[in-house]
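Asker: What follows is a structure written as structure tokens; I'll ask about it next.
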Amino acid sequence: MSSIITATAALNNARLTAAQVYADTGSGNSYMELFDNTRVGSIATAPGVTPVVTIVLEDPCGSIVSNKLRLVRADPTGDLIARDSAPAGVSWGRWYNAAGTAMADFDVTDDAGDGFLKITGAGGTVLYAGGRIIAGIVDLD
């Protein structure tokens, strides 16, 4: 028996709207931290290293576009990279709501990959302190 359901666009959009409302809950902005270590096993587990970069999202963090939640960075020029990544680059991230509560972990890849967050640039997912990260638009479906 399959556990996959097929939902209507209306149900999917309601689910995405709930995710956006939860992401914007709190007094700050929703944000994503990117890491270069081995991904931890649970969202309840601390990442184990300081983030390479923190991507701050707009408030509200996004809107529903074509049945997807389109997340938007607060700074369109990119977010400042805090430290050099490991030589293999960043590989995963954690999304927090505006109150600082962890919401989800996700894969990070370059443009050619299939990660939830894709990093654009010649260096792939390798990031250097003092630069700015330019991440593609993130659509959550």
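Identifiers in this document derive from the order of the structure tokens: chains are assigned A, B, ..., residues are numbered from 1 separately in each chain, and ligands are numbered from 1 in order of occurrence.
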Based on the backbone DSSP call, show me all residues of chain A assigned alpha helix (DSSP H), as a compact mmCIF listing (two decimals) with C-alpha atoms, in the first residue's frame.
Answerer:
```
# COMPACT_ATOMS: atom_id res chain seq x y z
CA ALA A 9 -3.41 22.92 -5.36
CA ALA A 10 -5.64 24.51 -2.72
CA LEU A 11 -4.55 22.02 -0.04
CA ASN A 12 -0.89 22.38 -1.02
CA ASN A 13 -1.13 26.19 -0.93
CA ALA A 14 -2.74 26.03 2.54
CA ARG A 15 0.15 23.86 3.73
CA LEU A 16 2.68 26.28 2.26
CA THR A 17 0.90 29.28 3.78
CA ALA A 18 1.04 27.58 7.19
CA ALA A 19 4.81 27.04 6.70
CA GLN A 20 5.26 30.71 5.83
CA VAL A 21 3.22 31.88 8.85
CA TYR A 22 5.27 29.61 11.13
CA ALA A 23 8.55 30.83 9.58
```
Asker: Write out as number ranges by chain each polymer residue whose atoms come within 9 Å of Thr54 (chain A), counting only C-alpha atoms; drop sequence neighbours fewer than 3 positions from it.
Answerer: A: 31-34, 51, 79-82
Asker: By how many Å are CA of Leu127 (chain A) and CA of Val108 (chain A) apart?
Answerer: 12.2 Å
Asker: As a PyMOL selection string, please: every residue in chain A that a backbone DSSP assignment puts in strand (DSSP E).
Answerer: chain A and resi 31-35+53-65+68-73+79-80+92-96+102-110+117-119+132-133+138-140
Asker: Could you tell me how far CA of Asn29 (chain A) lies from CA of Asp139 (chain A), in Å and to one decimal?
Answerer: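 Computing the Euclidean distance for CA of Asn29 (chain A) and CA of Asp139 (chain A) yields 17.8 Å.
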Asker: Taking into account only C-alpha atoms, which residue in the set A:Ser42, A:Thr25, A:Ser3, A:Thr120 is nearest to Gly100 (chain A)?
Answerer: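 Once distances to Gly100 (chain A) are computed over only C-alpha atoms, the minimum belongs to A:Thr25.
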Asker: Excluding Trp95 (chain A) and any residue of its chain fewer than 2 positions from it, enumerate the residues within 8 Å of it, using only C-alpha atoms, and give them as a list in words.
Answerer: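 Listing them by chain and then by number gives Ser30, Tyr31, Met32, Glu33, Gly93, Asn97, Ala102, Met103, Ala104, Asp105 and Phe106 of chain A.
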Asker: Smallest atom-to-atom distance to Ala7 (chain A): which of A:Thr109, A:Ser91, A:Asn67, A:Ser85, using only C-alpha atoms?
Answerer: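 Counting only C-alpha atoms, the residue closest to Ala7 (chain A) is A:Asn67.
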Asker: Nearest residue to Gly41 (chain A) out of A:Ala99, A:Phe116, A:Trp92, A:Val65, using only C-alpha atoms?
Answerer: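 Among the listed residues, A:Trp92 lies closest to Gly41 (chain A).
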Asker: To one decimal place in Å, what is the distance between CA of Ala98 (chain A) and CA of Ser27 (chain A)?
Answerer: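 Distance between the two atoms: 6.1 Å.
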